$ cat entry-v8.cif   # mmCIF, C-alpha atoms and all ligand atoms
data_work
loop_
_atom_site.group_PDB
_atom_site.id
_atom_site.type_symbol
_atom_site.label_atom_id
_atom_site.label_comp_id
_atom_site.auth_asym_id
_atom_site.auth_seq_id
_atom_site.Cartn_x
_atom_site.Cartn_y
_atom_site.Cartn_z
ATOM 1 C CA MET A 137 35.331 22.506 -26.246
ATOM 2 C CA SER A 138 35.053 20.875 -22.843
ATOM 3 C CA GLY A 139 34.152 22.855 -19.748
ATOM 4 C CA GLY A 140 37.450 21.902 -18.140
ATOM 5 C CA ARG A 141 39.540 23.310 -20.975
ATOM 6 C CA ARG A 142 37.529 26.504 -20.969
ATOM 7 C CA LEU A 143 38.147 26.956 -17.272
ATOM 8 C CA ILE A 144 41.893 26.440 -17.708
ATOM 9 C CA VAL A 145 42.048 29.022 -20.492
ATOM 10 C CA THR A 146 40.124 31.527 -18.354
ATOM 11 C CA GLU A 147 42.309 30.875 -15.335
ATOM 12 C CA ARG A 148 45.454 31.524 -17.381
ATOM 13 C CA ALA A 149 43.935 34.688 -18.798
ATOM 14 C CA SER A 150 42.964 36.008 -15.375
ATOM 15 C CA ARG A 151 46.426 35.192 -13.979
ATOM 16 C CA ARG A 152 47.935 37.160 -16.855
ATOM 17 C CA ARG A 153 45.562 40.062 -16.140
ATOM 18 C CA PHE A 154 46.486 39.932 -12.478
ATOM 19 C CA LEU A 155 50.214 40.062 -13.239
ATOM 20 C CA THR A 156 49.733 42.875 -15.742
ATOM 21 C CA GLY A 157 47.610 44.797 -13.267
ATOM 22 C CA LEU A 158 50.165 44.260 -10.506
ATOM 23 C CA ALA A 159 53.031 45.503 -12.660
ATOM 24 C CA GLY A 160 51.016 48.582 -13.584
ATOM 25 C CA THR A 161 50.139 49.307 -9.975
ATOM 26 C CA VAL A 162 53.734 48.987 -8.768
ATOM 27 C CA GLY A 163 54.918 51.278 -11.535
ATOM 28 C CA LEU A 164 52.367 53.977 -10.744
ATOM 29 C CA ALA A 165 52.898 53.658 -6.996
ATOM 30 C CA SER A 166 56.647 54.055 -7.337
ATOM 31 C CA LEU A 167 56.056 57.213 -9.371
ATOM 32 C CA GLY A 168 53.732 58.366 -6.602
ATOM 33 C CA CYS A 169 51.452 60.137 -9.046
ATOM 34 C CA ARG A 170 48.131 58.236 -9.080
ATOM 35 C CA PRO A 171 45.917 56.021 -6.936
ATOM 36 C CA VAL A 172 45.706 52.310 -7.706
ATOM 37 C CA PRO A 173 43.672 51.969 -10.935
ATOM 38 C CA ARG A 174 40.399 50.023 -10.976
ATOM 39 C CA ARG A 175 41.013 46.417 -11.992
ATOM 40 C CA SER A 176 40.092 46.080 -15.655
ATOM 41 C CA VAL A 177 37.610 43.294 -16.387
ATOM 42 C CA SER A 178 37.539 41.492 -19.725
ATOM 43 C CA ALA A 179 34.389 42.301 -21.651
ATOM 44 C CA ARG A 180 32.172 39.556 -23.032
ATOM 45 C CA GLU A 181 31.400 40.178 -26.677
ATOM 46 C CA VAL A 182 28.272 39.027 -28.448
ATOM 47 C CA VAL A 183 29.346 36.061 -30.576
ATOM 48 C CA ARG A 184 25.933 35.230 -32.002
ATOM 49 C CA VAL A 185 22.367 36.578 -32.135
ATOM 50 C CA VAL A 186 19.477 34.125 -32.435
ATOM 51 C CA THR A 187 15.840 35.097 -33.081
ATOM 52 C CA ALA A 188 13.294 32.959 -31.198
ATOM 53 C CA GLU A 189 11.154 30.752 -33.447
ATOM 54 C CA PRO A 190 7.368 30.413 -33.187
ATOM 55 C CA ARG A 191 6.423 26.913 -31.980
ATOM 56 C CA ARG A 192 3.428 25.004 -30.683
ATOM 57 C CA ASP A 193 3.998 22.669 -27.757
ATOM 58 C CA GLY A 194 2.072 20.959 -24.967
ATOM 59 C CA ALA A 195 -1.601 20.532 -25.881
ATOM 60 C CA GLY A 196 -1.443 23.452 -28.333
ATOM 61 C CA VAL A 197 0.419 26.342 -26.678
ATOM 62 C CA SER A 198 1.911 29.027 -28.950
ATOM 63 C CA LEU A 199 5.323 30.113 -27.776
ATOM 64 C CA ARG A 200 8.684 31.415 -28.923
ATOM 65 C CA ARG A 201 11.698 29.110 -28.639
ATOM 66 C CA SER A 202 15.266 30.447 -28.694
ATOM 67 C CA VAL A 203 17.532 27.851 -27.040
ATOM 68 C CA GLY A 204 16.418 24.414 -28.262
ATOM 69 C CA GLY A 205 15.215 25.706 -31.625
ATOM 70 C CA ALA A 206 16.659 25.007 -35.060
ATOM 71 C CA ALA A 207 19.181 27.866 -34.855
ATOM 72 C CA LEU A 208 20.583 27.053 -31.404
ATOM 73 C CA ALA A 209 20.021 23.428 -30.373
ATOM 74 C CA MET A 210 21.632 24.022 -26.972
ATOM 75 C CA LEU A 211 24.165 26.154 -25.150
ATOM 76 C CA ASP A 212 25.660 23.722 -22.638
ATOM 77 C CA PRO A 213 24.226 23.411 -19.968
ATOM 78 C CA PHE A 214 21.107 25.239 -21.264
ATOM 79 C CA LEU A 215 18.819 22.972 -23.279
ATOM 80 C CA LEU A 216 15.771 25.115 -23.979
ATOM 81 C CA LEU A 217 14.260 28.562 -23.473
ATOM 82 C CA ASP A 218 10.580 29.145 -24.273
ATOM 83 C CA GLU A 219 8.724 32.436 -23.903
ATOM 84 C CA LEU A 220 4.935 32.443 -23.740
ATOM 85 C CA HIS A 221 3.479 35.936 -24.153
ATOM 86 C CA SER A 222 -0.079 36.477 -25.346
ATOM 87 C CA ASP A 223 -3.423 37.957 -24.320
ATOM 88 C CA ARG A 224 -5.340 35.436 -26.485
ATOM 89 C CA GLN A 225 -6.613 32.507 -24.426
ATOM 90 C CA GLU A 226 -6.485 30.192 -27.442
ATOM 91 C CA ASP A 227 -2.689 30.660 -27.494
ATOM 92 C CA PHE A 228 -2.158 29.112 -24.059
ATOM 93 C CA ILE A 229 -5.262 27.756 -22.327
ATOM 94 C CA ALA A 230 -4.751 24.135 -23.489
ATOM 95 C CA GLY A 231 -1.600 24.160 -21.370
ATOM 96 C CA PHE A 232 0.750 21.289 -20.656
ATOM 97 C CA PRO A 233 -1.290 18.346 -19.272
ATOM 98 C CA ASN A 234 0.472 15.406 -17.564
ATOM 99 C CA HIS A 235 3.913 14.787 -19.048
ATOM 100 C CA PRO A 236 7.189 13.318 -17.752
ATOM 101 C CA HIS A 237 10.720 14.677 -17.308
ATOM 102 C CA ARG A 238 13.983 12.906 -16.489
ATOM 103 C CA GLY A 239 17.619 13.975 -16.390
ATOM 104 C CA PHE A 240 17.470 17.787 -16.184
ATOM 105 C CA GLU A 241 15.873 20.807 -14.477
ATOM 106 C CA THR A 242 12.955 22.995 -15.520
ATOM 107 C CA VAL A 243 12.836 26.621 -14.422
ATOM 108 C CA SER A 244 9.505 28.463 -14.667
ATOM 109 C CA TYR A 245 9.417 32.252 -14.317
ATOM 110 C CA LEU A 246 6.187 34.234 -14.469
ATOM 111 C CA ILE A 247 5.795 37.913 -15.304
ATOM 112 C CA ALA A 248 2.007 38.081 -15.749
ATOM 113 C CA GLY A 249 -0.776 35.557 -15.201
ATOM 114 C CA SER A 250 -0.183 32.263 -13.427
ATOM 115 C CA PHE A 251 0.382 28.536 -13.842
ATOM 116 C CA ALA A 252 -1.241 25.823 -11.751
ATOM 117 C CA HIS A 253 1.041 22.812 -11.363
ATOM 118 C CA ALA A 254 0.554 19.345 -9.919
ATOM 119 C CA ASP A 255 2.793 16.282 -9.984
ATOM 120 C CA SER A 256 2.707 12.535 -9.575
ATOM 121 C CA VAL A 257 3.994 12.559 -6.008
ATOM 122 C CA GLY A 258 1.455 14.987 -4.593
ATOM 123 C CA ASN A 259 3.183 18.368 -4.992
ATOM 124 C CA HIS A 260 0.887 21.078 -6.291
ATOM 125 C CA GLY A 261 0.632 24.850 -6.277
ATOM 126 C CA ARG A 262 0.414 28.014 -8.290
ATOM 127 C CA ILE A 263 3.203 30.112 -9.796
ATOM 128 C CA GLY A 264 2.080 33.742 -10.043
ATOM 129 C CA PRO A 265 3.479 37.055 -11.283
ATOM 130 C CA GLY A 266 7.099 37.519 -10.204
ATOM 131 C CA ASP A 267 7.380 33.943 -8.890
ATOM 132 C CA ALA A 268 9.967 31.373 -9.925
ATOM 133 C CA GLN A 269 10.065 27.603 -9.631
ATOM 134 C CA TRP A 270 13.333 25.712 -10.078
ATOM 135 C CA MET A 271 12.417 22.038 -10.417
ATOM 136 C CA THR A 272 15.151 19.431 -10.483
ATOM 137 C CA ALA A 273 13.417 16.512 -12.212
ATOM 138 C CA GLY A 274 16.306 14.134 -11.508
ATOM 139 C CA ARG A 275 15.273 10.486 -11.991
ATOM 140 C CA GLY A 276 11.716 11.409 -12.837
ATOM 141 C CA ILE A 277 8.636 13.480 -12.366
ATOM 142 C CA VAL A 278 5.257 13.411 -14.099
ATOM 143 C CA HIS A 279 3.450 16.735 -13.855
ATOM 144 C CA SER A 280 0.989 19.141 -15.422
ATOM 145 C CA GLU A 281 1.464 22.877 -15.973
ATOM 146 C CA MET A 282 -1.757 24.714 -16.789
ATOM 147 C CA PRO A 283 -1.805 28.448 -17.571
ATOM 148 C CA GLU A 284 -4.437 30.622 -15.894
ATOM 149 C CA GLN A 285 -5.414 34.143 -16.871
ATOM 150 C CA GLU A 286 -8.537 36.298 -17.156
ATOM 151 C CA PRO A 287 -9.888 36.575 -20.708
ATOM 152 C CA GLY A 288 -8.301 39.490 -22.550
ATOM 153 C CA ARG A 289 -5.384 39.815 -20.142
ATOM 154 C CA GLU A 290 -1.868 38.750 -20.985
ATOM 155 C CA LEU A 291 -0.053 35.689 -19.832
ATOM 156 C CA TRP A 292 3.705 36.180 -19.863
ATOM 157 C CA GLY A 293 6.073 33.491 -18.685
ATOM 158 C CA LEU A 294 9.293 31.681 -19.463
ATOM 159 C CA GLN A 295 10.539 28.161 -19.148
ATOM 160 C CA LEU A 296 14.207 27.303 -19.140
ATOM 161 C CA TRP A 297 15.654 23.781 -19.216
ATOM 162 C CA VAL A 298 19.055 23.235 -17.607
ATOM 163 C CA ASN A 299 20.932 19.970 -18.038
ATOM 164 C CA LEU A 300 22.164 17.841 -15.127
ATOM 165 C CA PRO A 301 25.574 16.152 -15.082
ATOM 166 C CA ALA A 302 25.551 12.323 -15.290
ATOM 167 C CA ALA A 303 26.185 12.031 -11.560
ATOM 168 C CA ARG A 304 22.938 13.909 -10.775
ATOM 169 C CA LYS A 305 20.596 12.741 -13.529
ATOM 170 C CA MET A 306 19.030 10.066 -11.327
ATOM 171 C CA MET A 307 18.867 12.109 -8.106
ATOM 172 C CA ARG A 308 15.629 12.487 -6.169
ATOM 173 C CA PRO A 309 13.459 15.291 -7.562
ATOM 174 C CA ARG A 310 13.741 18.636 -5.789
ATOM 175 C CA TYR A 311 11.628 21.790 -5.936
ATOM 176 C CA GLN A 312 12.770 25.298 -5.111
ATOM 177 C CA GLU A 313 9.671 27.511 -5.046
ATOM 178 C CA LEU A 314 10.221 31.254 -4.837
ATOM 179 C CA GLY A 315 7.363 33.659 -4.225
ATOM 180 C CA ALA A 316 7.913 37.096 -5.787
ATOM 181 C CA SER A 317 8.914 38.609 -2.419
ATOM 182 C CA ALA A 318 11.656 35.975 -1.957
ATOM 183 C CA ILE A 319 13.548 37.285 -4.995
ATOM 184 C CA PRO A 320 15.783 40.239 -4.048
ATOM 185 C CA ALA A 321 15.400 43.422 -6.114
ATOM 186 C CA LEU A 322 18.593 45.454 -6.412
ATOM 187 C CA ASP A 323 19.830 48.561 -8.193
ATOM 188 C CA VAL A 324 22.786 47.807 -10.472
ATOM 189 C CA ALA A 325 24.037 50.905 -12.302
ATOM 190 C CA ASP A 326 20.792 52.257 -13.831
ATOM 191 C CA ALA A 327 18.987 48.916 -13.824
ATOM 192 C CA ARG A 328 16.487 47.394 -11.426
ATOM 193 C CA VAL A 329 17.534 43.768 -11.103
ATOM 194 C CA ARG A 330 15.664 40.767 -9.716
ATOM 195 C CA LEU A 331 18.289 38.284 -8.544
ATOM 196 C CA VAL A 332 16.940 34.738 -8.867
ATOM 197 C CA ALA A 333 20.295 32.934 -8.847
ATOM 198 C CA GLY A 334 23.965 33.884 -8.646
ATOM 199 C CA THR A 335 25.540 36.858 -6.936
ATOM 200 C CA VAL A 336 25.497 40.635 -7.325
ATOM 201 C CA GLY A 337 28.204 42.120 -5.111
ATOM 202 C CA ALA A 338 27.700 40.596 -1.665
ATOM 203 C CA LYS A 339 24.090 39.645 -2.384
ATOM 204 C CA ARG A 340 23.284 36.042 -3.288
ATOM 205 C CA GLY A 341 20.123 34.888 -5.080
ATOM 206 C CA PRO A 342 17.900 32.370 -3.264
ATOM 207 C CA ILE A 343 18.380 29.403 -5.628
ATOM 208 C CA ASP A 344 21.040 27.071 -4.212
ATOM 209 C CA GLY A 345 22.690 23.708 -4.684
ATOM 210 C CA ILE A 346 22.488 23.671 -8.493
ATOM 211 C CA ALA A 347 25.333 21.904 -10.298
ATOM 212 C CA GLY A 348 26.458 24.649 -12.679
ATOM 213 C CA ALA A 349 26.330 27.503 -10.097
ATOM 214 C CA PRO A 350 23.893 29.390 -12.337
ATOM 215 C CA THR A 351 23.263 33.102 -12.644
ATOM 216 C CA MET A 352 19.712 34.220 -13.436
ATOM 217 C CA LEU A 353 18.938 37.940 -13.459
ATOM 218 C CA ASP A 354 15.860 39.820 -14.689
ATOM 219 C CA ALA A 355 17.017 43.392 -15.379
ATOM 220 C CA THR A 356 14.885 46.403 -16.284
ATOM 221 C CA LEU A 357 16.653 49.441 -17.761
ATOM 222 C CA PRO A 358 15.069 52.893 -18.045
ATOM 223 C CA PRO A 359 15.466 54.899 -21.280
ATOM 224 C CA GLY A 360 19.134 55.880 -21.623
ATOM 225 C CA GLY A 361 20.047 53.333 -18.934
ATOM 226 C CA ARG A 362 23.140 51.183 -18.581
ATOM 227 C CA PHE A 363 23.696 47.880 -16.845
ATOM 228 C CA HIS A 364 26.789 45.806 -16.315
ATOM 229 C CA HIS A 365 27.463 42.607 -14.456
ATOM 230 C CA GLU A 366 30.543 40.496 -13.877
ATOM 231 C CA LEU A 367 30.006 36.789 -14.525
ATOM 232 C CA PRO A 368 32.227 33.885 -13.479
ATOM 233 C CA GLY A 369 34.879 33.243 -16.132
ATOM 234 C CA GLY A 370 34.251 30.054 -18.118
ATOM 235 C CA HIS A 371 30.477 30.067 -17.681
ATOM 236 C CA ALA A 372 28.298 29.803 -20.770
ATOM 237 C CA ALA A 373 26.153 32.954 -20.890
ATOM 238 C CA PHE A 374 23.383 34.611 -22.848
ATOM 239 C CA VAL A 375 21.026 37.570 -22.754
ATOM 240 C CA TYR A 376 17.392 37.252 -23.887
ATOM 241 C CA LEU A 377 15.439 40.416 -24.575
ATOM 242 C CA LEU A 378 11.919 40.471 -23.100
ATOM 243 C CA ALA A 379 10.940 44.057 -23.924
ATOM 244 C CA GLY A 380 12.327 47.247 -25.494
ATOM 245 C CA SER A 381 15.652 47.290 -27.282
ATOM 246 C CA ALA A 382 19.263 47.200 -26.160
ATOM 247 C CA GLN A 383 22.866 47.313 -27.287
ATOM 248 C CA LEU A 384 25.217 44.710 -25.857
ATOM 249 C CA GLY A 385 28.922 44.416 -25.270
ATOM 250 C CA PRO A 386 31.848 46.469 -26.572
ATOM 251 C CA GLN A 387 30.548 46.278 -30.157
ATOM 252 C CA ARG A 388 27.151 47.637 -29.056
ATOM 253 C CA THR A 389 25.413 44.759 -30.811
ATOM 254 C CA PRO A 390 21.707 45.626 -31.189
ATOM 255 C CA LEU A 391 19.112 43.263 -29.730
ATOM 256 C CA SER A 392 15.342 43.429 -30.170
ATOM 257 C CA VAL A 393 12.443 41.651 -28.457
ATOM 258 C CA GLY A 394 12.592 37.860 -28.794
ATOM 259 C CA GLN A 395 16.278 37.830 -29.662
ATOM 260 C CA LEU A 396 18.972 36.006 -27.730
ATOM 261 C CA ALA A 397 22.624 37.042 -27.661
ATOM 262 C CA VAL A 398 25.215 34.352 -26.955
ATOM 263 C CA LEU A 399 28.112 35.913 -25.036
ATOM 264 C CA GLY A 400 31.730 34.968 -25.649
ATOM 265 C CA ALA A 401 34.562 34.379 -23.202
ATOM 266 C CA GLY A 402 35.394 37.000 -20.604
ATOM 267 C CA ARG A 403 33.700 38.273 -17.521
ATOM 268 C CA GLU A 404 31.746 41.494 -17.797
ATOM 269 C CA VAL A 405 28.514 41.825 -19.717
ATOM 270 C CA SER A 406 27.488 45.392 -20.477
ATOM 271 C CA VAL A 407 24.129 46.630 -21.747
ATOM 272 C CA LYS A 408 22.923 50.039 -22.841
ATOM 273 C CA SER A 409 19.376 50.933 -23.843
ATOM 274 C CA ASP A 410 18.244 54.157 -25.497
ATOM 275 C CA GLY A 411 14.513 53.517 -25.161
ATOM 276 C CA GLY A 412 14.410 51.208 -22.117
ATOM 277 C CA ALA A 413 14.566 47.422 -21.970
ATOM 278 C CA ARG A 414 13.850 44.327 -19.931
ATOM 279 C CA LEU A 415 16.110 41.309 -20.275
ATOM 280 C CA LEU A 416 17.103 38.010 -18.775
ATOM 281 C CA LEU A 417 20.776 37.251 -18.156
ATOM 282 C CA LEU A 418 21.586 33.552 -17.772
ATOM 283 C CA ALA A 419 24.933 31.901 -17.147
ATOM 284 C CA ALA A 420 26.200 28.568 -15.798
ATOM 285 C CA ALA A 421 29.211 26.271 -15.960
ATOM 286 C CA PRO A 422 29.120 23.967 -19.013
ATOM 287 C CA ILE A 423 28.850 20.246 -18.239
ATOM 288 C CA GLY A 424 30.885 18.978 -21.187
ATOM 289 C CA GLU A 425 29.271 15.513 -21.378
ATOM 290 C CA PRO A 426 27.480 13.738 -24.268
ATOM 291 C CA VAL A 427 23.831 14.816 -24.558
ATOM 292 C CA ALA A 428 21.109 12.440 -25.752
ATOM 293 C CA ARG A 429 17.634 13.988 -25.803
ATOM 294 C CA ARG A 430 14.230 12.668 -26.756
ATOM 295 C CA GLY A 431 11.268 14.924 -25.989
ATOM 296 C CA PRO A 432 11.025 15.308 -22.200
ATOM 297 C CA PHE A 433 14.035 13.059 -21.435
ATOM 298 C CA VAL A 434 17.647 14.268 -21.520
ATOM 299 C CA MET A 435 20.309 11.672 -20.751
ATOM 300 C CA ASN A 436 23.885 10.839 -21.812
ATOM 301 C CA SER A 437 23.165 7.940 -24.180
ATOM 302 C CA GLU A 438 20.450 6.400 -26.382
ATOM 303 C CA ALA A 439 20.362 3.358 -24.084
ATOM 304 C CA GLU A 440 19.522 5.615 -21.117
ATOM 305 C CA LEU A 441 16.773 7.266 -23.191
ATOM 306 C CA ASP A 442 15.327 3.843 -24.045
ATOM 307 C CA GLN A 443 15.358 3.024 -20.325
ATOM 308 C CA ALA A 444 13.556 6.305 -19.499
ATOM 309 C CA VAL A 445 10.836 5.554 -22.066
ATOM 310 C CA ALA A 446 10.474 1.988 -20.753
ATOM 311 C CA ASP A 447 10.296 3.226 -17.146
ATOM 312 C CA TYR A 448 7.631 5.781 -18.080
ATOM 313 C CA ARG A 449 5.525 3.224 -19.947
ATOM 314 C CA SER A 450 5.681 0.794 -17.042
ATOM 315 C CA GLY A 451 4.897 3.491 -14.469
ATOM 316 C CA ARG A 452 8.370 3.274 -12.861
ATOM 317 C CA LEU A 453 9.783 6.629 -13.999
ATOM 318 C CA THR A 454 9.447 8.224 -10.591
ATOM 319 C CA ASP A 455 10.386 5.158 -8.495
ATOM 320 C CA GLY A 456 13.492 5.456 -6.396
HETATM 321 FE FE FE B 1 7.060 20.125 -17.607
#

$ encode --input "entry-v8.cif" --output "structure tokens"
Amino acid sequence: MSGGRRLIVTERASRRRFLTGLAGTVGLASLGCRPVPRRSVSAREVVRVVTAEPRRDGAGVSLRRSVGGAALAMLDPFLLLDELHSDRQEDFIAGFPNHPHRGFETVSYLIAGSFAHADSVGNHGRIGPGDAQWMTAGRGIVHSEMPEQEPGRELWGLQLWVNLPAARKMMRPRYQELGASAIPALDVADARVRLVAGTVGAKRGPIDGIAGAPTMLDATLPPGGRFHHELPGGHAAFVYLLAGSAQLGPQRTPLSVGQLAVLGAGREVSVKSDGGARLLLLAAAPIGEPVARRGPFVMNSEAELDQAVADYRSGRLTDG
């Protein structure tokens, strides 16, 4: 289904809800017996649960892949989600030496340990605990991402790939670097939420100017805690469980560590956790264009992929 059609369906549904709500309010008001009821929000149900698959990538890094694995090739516009979580140096220390990207965005989010990064145009730095980096590769970047952690201590990080629409695939690369203190922490129902992108009430996350108007929340629920969040209608959305266990949506679908729940149409996502949980909530507008992918290149056609490979081999990937 195209993104446009999804939006139209959602718009019709919300108009219907508005009219229904209005009729109900008028009726109650004319009876003079009750205050205006809270607007009901359509619940997003879990339509699919995917368990992350063990993979090796880079120069020999052990990770768990949910989006981009065999069970869920993509969830437009999300192309990949990898979780790296280990206290064994041999699982991560080889890292991701110099490699290219073109045509999409990579989002790195660290919980423990750090990554040193350096690219072909002179950008370099370190992403530490609680930090996020939203890198729009655009027409091309060649970079290295090398994990750093003391022996015996855990490294815990995530990388998300988000597609770019055709009109932005060849844009100039852009970095949005967020230190931990730049990410607002908010209380939402019982949850402590770090707001990387999107909005919670009047608060807006620091990531801006991204095509699909993404939402990215890191929510921690205490035992017995509840969390709910209203997402834009028509956005593709999923929850990935980082720790603990949780029940999602009106069906109370159970989710355990390393599992991803794809959310269906609607607006409100609801989570309950008996024993406590930590999760990522991601959402963004689907792009609805053809996707051609080959390793670190994601374009619209095979011809564009061939061009990306040729540009990389001739050292012109990052020219522009
Ligand atoms: Fe990379």

$ closest_atom_pairs --input "entry-v8.cif" --of "chain A" --to "ligand FE 1 (chain B)" --cutoff "10 Å" --atoms "all atoms listed in the file" --output "tab-separated table"
residue	atom	partner	partner_atom	distance
A:Gly194	CA	B:FE1	FE	8.9
A:Phe232	CA	B:FE1	FE	7.1
A:Pro233	CA	B:FE1	FE	8.7
A:Asn234	CA	B:FE1	FE	8.1
A:His235	CA	B:FE1	FE	6.4
A:Pro236	CA	B:FE1	FE	6.8
A:His237	CA	B:FE1	FE	6.6
A:Glu241	CA	B:FE1	FE	9.4
A:Thr242	CA	B:FE1	FE	6.9
A:Val243	CA	B:FE1	FE	9.3
A:Ser244	CA	B:FE1	FE	9.2
A:His253	CA	B:FE1	FE	9.1
A:Asp255	CA	B:FE1	FE	9.5
A:Met271	CA	B:FE1	FE	9.2
A:Ala273	CA	B:FE1	FE	9.1
A:Ile277	CA	B:FE1	FE	8.6
A:Val278	CA	B:FE1	FE	7.8
A:His279	CA	B:FE1	FE	6.2
A:Ser280	CA	B:FE1	FE	6.5
A:Glu281	CA	B:FE1	FE	6.4
A:Met282	CA	B:FE1	FE	10.0
A:Gln295	CA	B:FE1	FE	8.9
A:Trp297	CA	B:FE1	FE	9.5
A:Pro432	CA	B:FE1	FE	7.7

$ closest_residue --input "entry-v8.cif" --among "A:Ile263, A:Val177, A:Ala302, A:Arg184" --to "Ala397 (chain A)" --atoms "all atoms listed in the file"
A:Arg184

$ resolve_selection --input "entry-v8.cif" --expression "the PyMOL selection byres (((chain A and resi 453-456) around 6) and not hetatm)" --output "PyMOL selection string"
chain A and resi 276-277+447-448+451-452

$ resolve_selection --input "entry-v8.cif" --expression "the PyMOL selection byres (((chain A and resi 221) around 12) and not hetatm)" --output "PyMOL selection string"
chain A and resi 190+197-201+218-220+222-228+246-250+283+285+289-295+378-379+393-394

$ atom_distance --input "entry-v8.cif" --atom1 "CA of Gly431 (chain A)" --atom2 "CA of Trp270 (chain A)"
19.3 Å

$ atom_distance --input "entry-v8.cif" --atom1 "CA of Ala179 (chain A)" --atom2 "CA of Ala207 (chain A)"
24.8 Å

$ residues_near_point --input "entry-v8.cif" --point "(28.7, 31.3, -13.9)" --cutoff "10 Å" --atoms "only C-alpha atoms" --output "list in words"
Ala333, Gly334, Thr335, Gly348, Ala349, Pro350, Thr351, Met352, Glu366, Leu367, Pro368, Gly369, Gly370, His371, Ala372, Ala373, Arg403, Leu418, Ala419, Ala420, Ala421 and Pro422 of chain A

$ closest_residue --input "entry-v8.cif" --among "A:Glu181, A:Asp326, A:Asp354, A:Glu189" --to "Asp267 (chain A)" --atoms "all atoms listed in the file"
A:Asp354

$ residues_around --input "entry-v8.cif" --residues "Met210 (chain A)" --least-positions-apart "3" --cutoff "12 Å" --atoms "all atoms listed in the file" --output "ChimeraX atom specification"
/A:186,201-207,213-217,296-299,372-374,398,422-423,427-429,434

$ atom_distance --input "entry-v8.cif" --atom1 "CA of Gly411 (chain A)" --atom2 "CA of Pro386 (chain A)"
18.8 Å

$ resolve_selection --input "entry-v8.cif" --expression "the PyMOL selection byres (((chain A and resi 444) around 9) and not hetatm)" --output "count of residues only"
17

$ axis_aligned_box --input "entry-v8.cif" --around "region 256-267 of chain A" --padding-each-side "5 Å" --output "lines of an AutoDock Vina configuration file"
center_x = 3.9
center_y = 25.0
center_z = -7.9
size_x = 17.0
size_y = 35.0
size_z = 16.7

$ residues_around --input "entry-v8.cif" --residues "Pro390 (chain A)" --least-positions-apart "2" --cutoff "10 Å" --atoms "only C-alpha atoms" --output "ChimeraX atom specification"
/A:182,185,381-385,387-388,392,395,397,407-409

$ closest_residue --input "entry-v8.cif" --among "A:Arg262, A:Arg328, A:Pro301, A:Gly337" --to "Gly315 (chain A)" --atoms "only C-alpha atoms"
A:Arg262

$ closest_residue --input "entry-v8.cif" --among "A:Met306, A:Ala325, A:Leu377, A:Ile229" --to "Gly360 (chain A)" --atoms "only C-alpha atoms"
A:Ala325

$ decode --input "entry-v8.cif" --residues "region 329-340 of chain A" --atoms "N, CA and C atoms" --output "PDB file, in the first residue's frame"
ATOM      1  N   VAL A 329      10.812   8.755  29.771  1.00  0.00           N
ATOM      2  CA  VAL A 329      10.970   8.712  28.317  1.00  0.00           C
ATOM      3  C   VAL A 329      12.074   9.657  27.879  1.00  0.00           C
ATOM      4  N   ARG A 330      12.996   9.168  27.076  1.00  0.00           N
ATOM      5  CA  ARG A 330      13.982  10.023  26.411  1.00  0.00           C
ATOM      6  C   ARG A 330      13.444  10.299  25.000  1.00  0.00           C
ATOM      7  N   LEU A 331      13.272  11.566  24.695  1.00  0.00           N
ATOM      8  CA  LEU A 331      12.638  11.977  23.443  1.00  0.00           C
ATOM      9  C   LEU A 331      13.717  12.405  22.448  1.00  0.00           C
ATOM     10  N   VAL A 332      14.075  11.502  21.555  1.00  0.00           N
ATOM     11  CA  VAL A 332      15.111  11.792  20.554  1.00  0.00           C
ATOM     12  C   VAL A 332      14.499  12.553  19.382  1.00  0.00           C
ATOM     13  N   ALA A 333      13.345  12.074  18.922  1.00  0.00           N
ATOM     14  CA  ALA A 333      12.677  12.696  17.767  1.00  0.00           C
ATOM     15  C   ALA A 333      11.176  12.554  17.918  1.00  0.00           C
ATOM     16  N   GLY A 334      10.443  13.527  17.358  1.00  0.00           N
ATOM     17  CA  GLY A 334       8.986  13.526  17.455  1.00  0.00           C
ATOM     18  C   GLY A 334       8.529  14.429  18.579  1.00  0.00           C
ATOM     19  N   THR A 335       7.262  14.298  18.952  1.00  0.00           N
ATOM     20  CA  THR A 335       6.719  15.171  19.985  1.00  0.00           C
ATOM     21  C   THR A 335       6.014  14.357  21.072  1.00  0.00           C
ATOM     22  N   VAL A 336       6.117  14.858  22.290  1.00  0.00           N
ATOM     23  CA  VAL A 336       5.337  14.355  23.427  1.00  0.00           C
ATOM     24  C   VAL A 336       4.667  15.581  24.025  1.00  0.00           C
ATOM     25  N   GLY A 337       3.338  15.681  23.863  1.00  0.00           N
ATOM     26  CA  GLY A 337       2.639  16.888  24.290  1.00  0.00           C
ATOM     27  C   GLY A 337       3.216  18.085  23.550  1.00  0.00           C
ATOM     28  N   ALA A 338       3.619  19.102  24.289  1.00  0.00           N
ATOM     29  CA  ALA A 338       4.168  20.311  23.660  1.00  0.00           C
ATOM     30  C   ALA A 338       5.673  20.209  23.456  1.00  0.00           C
ATOM     31  N   LYS A 339       6.270  19.125  23.923  1.00  0.00           N
ATOM     32  CA  LYS A 339       7.728  18.988  23.858  1.00  0.00           C
ATOM     33  C   LYS A 339       8.140  18.329  22.545  1.00  0.00           C
ATOM     34  N   ARG A 340       9.148  18.890  21.906  1.00  0.00           N
ATOM     35  CA  ARG A 340       9.634  18.355  20.632  1.00  0.00           C
ATOM     36  C   ARG A 340      11.059  17.844  20.803  1.00  0.00           C
TER      37      ARG A 340
END
